[in-house]
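Heads up, the thing below is written out as structure tokens.
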Amino acid sequence: MLPFNTIEEAVTFLGRNLTVAETLWFNYSAKKSDYYLYCHNILFLFLIFSLVPLPLVFVEMMKSLGFHKYKIQPKVSLSFSEMFKCYKDVMRMFVLVVGPLQLVSYPSVKMIGIQTGLPLPSVWEILSQLTVYFMIEDYTNYWIHRFLHCKWGYENIHRVHHEYAAPIGFAAPYAHWLEILILGIPSFLGPAIAPGHMITFWLWIALRQIEAIETHSGYDFPWAPTRFIPFYGGADYHDYHHYVGEQSQSNFASVFTYCDYIYGTDKGYRYHKKVLRKLKEQSKANGAQNGASYYVPTQDLKSE
């Protein structure tokens with residue numbers, strides 16, 4: 001809740017007129033508690049989990065539109081009922097775990113100093129903090145993900161997420177309840193180290209989940225704007241990790257590729273891409289029609 005009753009008081013406090021964004025923020029948040037503002041994340045997550053994957057469902061169902069050529073595992077196709085079942089499972093976990101976690105975690109957000117007042121951060125400040133959050137989350141998630149692929153971690157926790165060997169958008173948050181709690185740590189660590197405004201926090205939670213849905217989309221669209229992000233992994237990069245499954249010792253990073261490159265856990269993926277290039281070259285040489293993508297037998301992908 002803002003410590004001002006009127007815009008005039010806010011102007012006096014800042015020593016300048018409010019920007020358009022600050023005026024909108026004042027009108028919306030002035031009488032709302034910080035806890036209420038924080039709980040907006042529950043609504044945002046519900047909308048993201050429910051709506052963002054819908055275009056991917058449409059693309060999957062309407063193969064006649066020509067998008068199927070961008071499907072990473074073209075031989076795998078899920079029915080609408082199978083995708084809807086995944087959504088229902090995600091919503092059940094949302095109600096039982098994600099929502100309650102958001103409700104009870106407010107004291108920690110207050111403790112680290114997430115702000116709700118004025119002035120609002122600049123666009124540059126928001127972008128800088130979001131970059132830091134993504135990098136911290138990516139590095140921390142990398143090591144937790146590697147742990148989850150040890151025998152105990154995989155069999156008891158992570159195997160649930162890998163039930164979808166050909167991932168779909170709705171499966172991005174599909175996981176064991178304990179994995180959801182564990183992976184909340186990397187997401188929270190960035191804001192804890194570099195706390196910002198509640199708006200930045202909202203954007204961080206939303207963008208991270210949208211990114212996860214994209215990397216689990218099962219489609220490698222050439223026009224995706226994320227292709228212009230340096231060291232970004234993307235759908236093809238993470239799809240390989242799901243395809244290999246329990247045996248995978250590659251592509252652990254959640255967003256970028258530099259951790260896998262530095263620690264040598266992208267060798268299987270690079271070998272896989274090398275094999276694909278050879279297959280495509282052979283296909284062209286034989287005059288065969290090129291497919292959108294190929295997968296070679298799993299045993300051939302273990303060259304680490």
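Residue numbers start at 1 in each chain; chains themselves are named A, B, ... in the order of the structure tokens; ligands are numbered from 1 in the order shown.
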Practice item. Enumerate, as an MDAnalysis selection string, the complete set of residues in segment 21-168 of chain A that a backbone-based DSSP assignment places in alpha helix (DSSP H). Key: chainID A and resid 21:29 34:38 40:51 54:61 80:93 99:104 106:112 123:148 151:156
Review point. If you count only C-alpha atoms, which residues fall within 12 Å of Val95 of chain A, apart from same-chain ones fewer than 4 positions away, as a PyMOL selection string?
Key: chain A and resi 42-43+45-46+88-91+99-103+177
Study note, to complete from the structure: Across A:Lys85, A:Lys75, A:Gly117, A:Val52, the smallest distance to Phe26 of chain A, with only C-alpha atoms counted, is shown by A:Gly117
Exercise for review: Return the single residue from A:Pro230, A:Met198, A:Glu281, A:His40 that is closest to Ile112 of chain A, with distances computed using only C-alpha atoms.
Suggested key: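 Once distances to Ile112 of chain A are computed over only C-alpha atoms, the minimum belongs to A:Met198.
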Review point. Which residues come within 8 Å of Ser29 of chain A, counting only C-alpha atoms, excluding same-chain residues fewer than 6 positions away, as an MDAnalysis selection string?
Key: chainID A and resid 1:2 37
Selection from above, N, CA, C and O atoms, as a short mmCIF file (atom, residue, chain, number, x, y, z; two decimals), in the first residue's frame, can you write it?
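Output contents, as saved in selection17.cif:
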```
data_model
loop_
_atom_site.label_atom_id
_atom_site.label_comp_id
_atom_site.auth_asym_id
_atom_site.auth_seq_id
_atom_site.Cartn_x
_atom_site.Cartn_y
_atom_site.Cartn_z
N MET A 1 0.84 -1.20 0.00
CA MET A 1 0.00 0.00 0.00
C MET A 1 0.88 1.24 0.00
O MET A 1 1.82 1.36 0.79
N LEU A 2 0.58 2.16 -0.90
CA LEU A 2 1.39 3.36 -1.02
C LEU A 2 1.15 4.30 0.16
O LEU A 2 0.01 4.41 0.65
N LEU A 37 -1.10 -7.38 -3.69
CA LEU A 37 -0.36 -7.19 -4.94
C LEU A 37 0.51 -8.40 -5.24
O LEU A 37 0.61 -8.86 -6.38
#
```
For Glu60 of chain A, list every protein, DNA or RNA residue within 9 Å, evaluated using only C-alpha atoms, and leave out those in the same chain fewer than 3 positions away; present the list as a short mmCIF file (atom, residue, chain, number, x, y, z; two decimals) with N, CA, C and O atoms, in the first residue's frame.
```
data_model
loop_
_atom_site.label_atom_id
_atom_site.label_comp_id
_atom_site.auth_asym_id
_atom_site.auth_seq_id
_atom_site.Cartn_x
_atom_site.Cartn_y
_atom_site.Cartn_z
N PRO A 55 -2.21 -21.96 -28.30
CA PRO A 55 -1.84 -21.97 -29.73
C PRO A 55 -1.10 -23.22 -30.14
O PRO A 55 -1.24 -23.69 -31.27
N LEU A 56 -0.32 -23.80 -29.22
CA LEU A 56 0.40 -25.03 -29.53
C LEU A 56 -0.56 -26.21 -29.66
O LEU A 56 -0.33 -27.12 -30.47
N VAL A 57 -1.62 -26.20 -28.86
CA VAL A 57 -2.65 -27.23 -28.98
C VAL A 57 -3.32 -27.12 -30.36
O VAL A 57 -3.53 -28.12 -31.04
N LYS A 63 -2.99 -30.17 -38.28
CA LYS A 63 -1.77 -30.50 -39.04
C LYS A 63 -1.85 -30.01 -40.49
O LYS A 63 -0.83 -29.81 -41.14
N PHE A 67 2.15 -26.42 -40.14
CA PHE A 67 3.11 -26.19 -39.07
C PHE A 67 3.82 -27.48 -38.63
O PHE A 67 4.82 -27.42 -37.92
N HIS A 68 3.27 -28.61 -39.07
CA HIS A 68 3.83 -29.89 -38.62
C HIS A 68 5.28 -30.06 -39.07
O HIS A 68 6.04 -30.81 -38.45
N LYS A 71 7.69 -29.48 -36.31
CA LYS A 71 7.64 -30.33 -35.11
C LYS A 71 8.95 -31.08 -34.96
O LYS A 71 9.47 -31.65 -35.93
N SER A 77 2.51 -37.83 -31.82
CA SER A 77 1.34 -36.95 -31.87
C SER A 77 0.42 -37.28 -30.70
O SER A 77 0.11 -38.44 -30.45
N LEU A 78 0.00 -36.26 -29.99
CA LEU A 78 -0.91 -36.44 -28.86
C LEU A 78 -2.31 -35.99 -29.25
O LEU A 78 -2.49 -35.00 -29.98
N SER A 79 -3.30 -36.69 -28.77
CA SER A 79 -4.69 -36.31 -29.01
C SER A 79 -5.07 -35.16 -28.10
O SER A 79 -4.38 -34.84 -27.12
N PHE A 80 -6.21 -34.54 -28.39
CA PHE A 80 -6.69 -33.44 -27.55
C PHE A 80 -6.94 -33.93 -26.13
O PHE A 80 -6.64 -33.23 -25.15
#
```
Review point. Using only C-alpha atoms, which residue out of A:Glu125, A:Asp266, A:Glu155, A:Asp138 lies closest to Gln249 of chain A?
Key: A:Asp266
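Proximity to Ile210 of chain A was assessed for A:Tyr139, A:Phe13, A:Phe170, A:Tyr263 counting only C-alpha atoms; the smallest distance is recorded for A:Phe170.
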Study note, to complete from the structure: Glu179 of chain A proximity check over A:Phe147, A:Tyr70, A:Trp202, A:Tyr271, using only C-alpha atoms: winner is A:Phe147
Check your understanding: Of the candidates A:Thr140, A:Ser33, A:Gln129, A:Asn156, which one gets nearest to Ser254 of chain A if we count only C-alpha atoms?
Key ->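 Of A:Thr140, A:Ser33, A:Gln129, A:Asn156, the one nearest Ser254 of chain A is A:Thr140, counting only C-alpha atoms.
Separating atom CA of Tyr219 of chain A from atom CA of Gly153 of chain A is a distance of 28.0 Å.
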Check your understanding: What is the atom CA of Phe58 of chain A to atom CA of Tyr240 of chain A distance in Å?
Key ->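 Interatomic distance here is 22.9 Å.
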Practice item. Work out how far atom CA of Phe256 of chain A is from atom CA of Pro167 of chain A, in Å to one decimal. Key: 18.2 Å
Exercise for review: Write out as a list of chain:residue names each polymer residue whose atoms come within 12 Å of Pro195 of chain A, counting only C-alpha atoms; drop sequence neighbours fewer than 6 positions from it.
Suggested key: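 Listed by chain and then number, they are A:Ser108, A:Val109, A:Lys110, A:Met111, A:Ile112, A:Gly113, A:Ile114, A:Gln115, A:Thr116, A:Pro121, A:Glu125, A:Ile126, A:Ser128, A:Gln129, A:Leu130, A:Val132, A:Tyr133, A:Phe188, A:Leu189, A:Phe201, A:Trp204.
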Residue neighbourhood Thr6 of chain A, 9 Å, only C-alpha atoms, exclusion window fewer than 3 positions, as a PDB file with all heavy atoms, in the first residue's frame:
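Okay, out_1.pdb is ready:
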```
ATOM      1  N   GLU A   9       0.283  14.353  -3.131  1.00  0.00           N
ATOM      2  CA  GLU A   9       1.245  13.964  -2.098  1.00  0.00           C
ATOM      3  C   GLU A   9       2.410  13.193  -2.708  1.00  0.00           C
ATOM      4  O   GLU A   9       3.566  13.367  -2.300  1.00  0.00           O
ATOM      5  CB  GLU A   9       0.556  13.119  -1.025  1.00  0.00           C
ATOM      6  CG  GLU A   9      -0.431  13.880  -0.160  1.00  0.00           C
ATOM      7  CD  GLU A   9      -1.067  13.001   0.898  1.00  0.00           C
ATOM      8  OE1 GLU A   9      -0.626  11.831   1.039  1.00  0.00           O
ATOM      9  OE2 GLU A   9      -2.002  13.453   1.570  1.00  0.00           O
ATOM     10  N   ALA A  10       2.114  12.342  -3.678  1.00  0.00           N
ATOM     11  CA  ALA A  10       3.168  11.587  -4.350  1.00  0.00           C
ATOM     12  C   ALA A  10       4.087  12.519  -5.135  1.00  0.00           C
ATOM     13  O   ALA A  10       5.314  12.344  -5.138  1.00  0.00           O
ATOM     14  CB  ALA A  10       2.558  10.542  -5.275  1.00  0.00           C
ATOM     15  N   VAL A  11       3.491  13.516  -5.793  1.00  0.00           N
ATOM     16  CA  VAL A  11       4.284  14.488  -6.539  1.00  0.00           C
ATOM     17  C   VAL A  11       5.205  15.262  -5.597  1.00  0.00           C
ATOM     18  O   VAL A  11       6.382  15.484  -5.901  1.00  0.00           O
ATOM     19  CB  VAL A  11       3.355  15.457  -7.311  1.00  0.00           C
ATOM     20  CG1 VAL A  11       4.151  16.639  -7.870  1.00  0.00           C
ATOM     21  CG2 VAL A  11       2.633  14.719  -8.427  1.00  0.00           C
ATOM     22  N   PHE A  26      -0.259   4.267  -9.356  1.00  0.00           N
ATOM     23  CA  PHE A  26      -0.849   4.886  -8.171  1.00  0.00           C
ATOM     24  C   PHE A  26      -2.348   4.603  -8.109  1.00  0.00           C
ATOM     25  O   PHE A  26      -2.881   4.194  -7.077  1.00  0.00           O
ATOM     26  CB  PHE A  26      -0.593   6.400  -8.176  1.00  0.00           C
ATOM     27  CG  PHE A  26      -1.199   7.108  -7.004  1.00  0.00           C
ATOM     28  CD1 PHE A  26      -0.478   7.293  -5.837  1.00  0.00           C
ATOM     29  CD2 PHE A  26      -2.514   7.595  -7.061  1.00  0.00           C
ATOM     30  CE1 PHE A  26      -1.045   7.937  -4.739  1.00  0.00           C
ATOM     31  CE2 PHE A  26      -3.091   8.227  -5.971  1.00  0.00           C
ATOM     32  CZ  PHE A  26      -2.344   8.398  -4.807  1.00  0.00           C
ATOM     33  N   ALA A  30      -2.728   2.151  -4.903  1.00  0.00           N
ATOM     34  CA  ALA A  30      -2.649   3.026  -3.719  1.00  0.00           C
ATOM     35  C   ALA A  30      -3.362   2.447  -2.503  1.00  0.00           C
ATOM     36  O   ALA A  30      -2.881   2.562  -1.376  1.00  0.00           O
ATOM     37  CB  ALA A  30      -3.212   4.412  -4.063  1.00  0.00           C
TER      38      ALA A  30
END
```
Check your understanding: Where in segment 179-296 of chain A does DSSP assign strand (DSSP E or B), given as a PyMOL selection string?
Key -> chain A and resi 197+219+232+256
